[in-house]
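Enquirer: The structure under discussion is supplied below as structure tokens; questions concerning it will follow.
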Amino acid sequence: MAPTLTFPKGGVHPPESKKLTEKLLVEVMPLPAELEIILGQHIGAPCTPTVGKRAEVREGDLVAEVKKGLGVPLHAPAAGTVKAIGKSSHPIRVSAPSITLTVNRDAPPREWGVADWHHLDGQALLKKVHDGGLVGIGGAGFPTHVKLKPPADNPVDTLLLNGAECEPYITADHRVMLEHSAEVVEGARILLKILGISECYIGIENNKPDAIRSMTEAAQAASGADCRIQVMTLEVKYPQGSEKQLIEAITGRRVPAMALPSSVGVVVHNVSTTKAVRDAVVLDKPLIEKVVTVSGRGINRPTNLLVKVGTKLSDIVEHCGGTRPELARVVMGGPMMGFAVSSLAIPVTKTTSSILFLSDDELDTRPLSACIRCGWCLEACPMGLEPKEIGIYVEAHRAEDTGQFGVFECFECGSCAYVCPAKRPLVQFIRLAKMKAKR
């Protein structure tokens with residue numbers, strides 16, 4: 001049996017809490033009455049609407065695009081009529097510009113024709129990726145086509161697919177790998193052709209043995225003289241799925257501080273993003289829907305759900321049978337890096353991986369206290385930073401001086417806050433420090 005791989009520094013082992021949904025097939029959620037499409041669903045410039053109020057659109061039609069700057073277009077997740085161009089609730093920014101679409105539930109679903117991509121060159125494939133509005137589904141929403149154009153002075157030789165899914169509760173990628181193994185691997189072949197390389201590794205934590213088997217079979221069937229696709233088994237440790245940690249675990253290469261993966265010859269994509277690449281190229285289908293894990297003991301029916309982008313949390317709750325009396329908190333994303341929300345009017349975006357409905361038993365609500373200088377956060381930090389010092393400086397109104405402790409290298413995984421016996425909100429301190437230090 002192949003050895004399990006991991007990164008050498010830090011990391012934590014929170015309860016996995018995946019049993020609620022890991023064996024549940026992805027189900028398709030019926031169309032809601034309305035969809036609210038946030039115009040800024042990626043890193044970069046927000047989209048500008050290309051449609052006006054009362055415009056009729058088909059499923060997959062272009063509804064917004066980036067006129068200038070970094071970004072990708074937006075498409076109608078379903079057929080309908082533009083009800084409004086205004087604002088919608090947002091989990092971080094409170095509200096954000098959006099397009100509200102009244103869905104035509106009587107419209108037949110669009111048929112996506114299958115096309116052969118093998119005769120297309122890298123540039124033609126890259127254009128399809130851009131035109132499909134693809135972003136990193138598993139992370140911050142970085143435009144996929146930009147990742148596929150590494151700097152000329154940093155030649156890339158390796159593609160990594162991230163199937164670690166190390167956050168507790170979330171099983172969306174797990175189900176995609178099980179139910180769409182061949183499509184993920186075909187997406188990998190497309191990415192390899194765009195990058196002009198032949199080496200691909202798929203990292204999967206060993207708590208998903210069924211996904212490892214399924215993806216290994218698909219990878220072996222697709223490998224040949226022109227490419228080698230190999231599944232690598234990872235140790236169960238958080239944050240195994242972080243780019244820099246994944247790269248070091250699989251390749252042994254260490255990405256320098258403040259540098260991109262391409263600086264060590266690697267490009268990393270999430271497995272669900274890779275499946276979306278295949279859909280954009282083979283089917284000409286834009287990114288208009290995604291698999292979302294709905295879990296926690298505060299929802300009546302946990303599930304893995306294929307939902308249209310723009311679906312509101314309230315519609316998902318209704319579809320899942322409502323919430324339970326013990327519901328204490330709603331979190332968009334995972335429990336380590338997600339955001340607690342106070343409204344169910346927030347719509348799903350391209351980067352929503354999960355919606356957690358957590359009970360009191362699933363939360364640690366002990367009050368915070370002063371730092372006891374135990375050093376646990378230093379041991380847990382996978383980047384080797386000093387979270388305790390950042391927190392102390394922020395409390396002393398010296399946030400602008402936290403650069404010396406590596407604040408800008410932090411990707412806010414939450415490992416420090418998880419192990420802190422004083423329950424200090426270290427991630428919040430770090431976010432505040434970044435904001436103030438940038439001024």
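Starting from 1 in every chain, residues are counted up; chains themselves are A, B, ... following the order of the structure tokens, and ligands are numbered from 1 as listed.
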Taking 5 positions as the minimum chain separation for residues in the same chain, which residues sit within 6 Å of A:Glu59 when counting only C-alpha atoms? Answer as a PyMOL selection string.
Expert: chain A and resi 76-79
Enquirer: Next, the residues of the selection above should be written as a PDB file, in the first residue's frame with N, CA and C atoms.
Expert:
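Once everything was written out, this is part27.pdb:
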ATOM      1  N   ALA A  76     -26.908  33.163 -16.952  1.00  0.00           N
ATOM      2  CA  ALA A  76     -28.197  32.882 -16.319  1.00  0.00           C
ATOM      3  C   ALA A  76     -28.245  31.414 -15.908  1.00  0.00           C
ATOM      4  N   PRO A  77     -28.453  31.123 -14.633  1.00  0.00           N
ATOM      5  CA  PRO A  77     -28.506  29.723 -14.208  1.00  0.00           C
ATOM      6  C   PRO A  77     -29.761  28.993 -14.682  1.00  0.00           C
ATOM      7  N   ALA A  78     -30.781  29.762 -15.078  1.00  0.00           N
ATOM      8  CA  ALA A  78     -32.030  29.167 -15.545  1.00  0.00           C
ATOM      9  C   ALA A  78     -32.727  30.164 -16.468  1.00  0.00           C
ATOM     10  N   ALA A  79     -33.699  29.683 -17.215  1.00  0.00           N
ATOM     11  CA  ALA A  79     -34.482  30.569 -18.068  1.00  0.00           C
ATOM     12  C   ALA A  79     -35.399  31.422 -17.205  1.00  0.00           C
TER      13      ALA A  79
END
Enquirer: Residues at most 7 Å from A:Tyr169, counting only C-alpha atoms, excluding those fewer than 5 positions away in the same chain, as a list in words?
Expert: Glu16, Ser17, Lys18 and Ser295 of chain A
Enquirer: So which residues touch A:Pro108 within 12 Å, counting only C-alpha atoms, skipping near sequence neighbours fewer than 3 positions away, as an MDAnalysis selection string?
Expert: chainID A and resid 31 58:59 78:80 103:105 111
Enquirer: Give the helix (DSSP H, G or I) residues of stretch 314-363 of chain A, as assigned by DSSP on the backbone, as a PyMOL selection string.
Expert: chain A and resi 314-319+360-362
Enquirer: If you measure from atom CA of A:Leu358 to atom CA of A:Leu378, what distance in Å do you get, rounded to one decimal?
Expert: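 Between atom CA of A:Leu358 and atom CA of A:Leu378 the gap works out to 28.3 Å.
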Enquirer: Find the residues of stretch 99-124 of chain A that sit at most 6 Å from stretch 32-38 of chain A; for each, write down the nearest two atoms and how far apart they are in Å, to one decimal. Count only C-alpha atoms. Sort by chain, then by number going up, and give it as JSON lines.
Expert:
{"residue": "A:Ile99", "atom": "CA", "partner": "A:Ile37", "partner_atom": "CA", "distance": 5.1}
{"residue": "A:Thr100", "atom": "CA", "partner": "A:Glu36", "partner_atom": "CA", "distance": 4.5}
{"residue": "A:Leu101", "atom": "CA", "partner": "A:Leu35", "partner_atom": "CA", "distance": 5.1}
{"residue": "A:Thr102", "atom": "CA", "partner": "A:Glu34", "partner_atom": "CA", "distance": 4.7}
{"residue": "A:Val103", "atom": "CA", "partner": "A:Glu34", "partner_atom": "CA", "distance": 5.4}
Enquirer: Can you list, as a PyMOL selection string, every residue of stretch 29-109 of chain A that DSSP puts in strand (DSSP E)?
Expert: chain A and resi 34-38+48-49+56-57+62-65+74-75+80-90+94-103
Enquirer: Would you compute the distance between atom CA of A:Ile92 and atom CA of A:Lys438? Give it in Å to one decimal.
Expert: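 Taking atom CA of A:Ile92 and atom CA of A:Lys438, their separation equals 18.7 Å.
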Enquirer: I'd like the contact shell of A:Leu161 - 6 Å cut-off, only C-alpha atoms, skipping same-chain residues fewer than 2 positions apart - returned as a list of chain:residue names.
Expert: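 Near neighbours after the sequence-gap exclusion: A:Ile202, A:Val268, A:His269, A:Asn270, A:Val271.
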Enquirer: Quick one: residues within 9 Å of stretch 61-73 of chain A, only C-alpha atoms, excluding same-chain residues fewer than 4 positions away - as an NGL selection string?
Expert: :A and (39-52 or 57 or 77-79 or 99 or 130-135 or 142-146 or 286)
Enquirer: Of the residues A:Val277, A:Val264, A:Leu160, A:Ala219, which is the one nearest to A:Leu246, using only C-alpha atoms?
Expert: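 For A:Leu246, the nearest of the candidates is A:Leu160.
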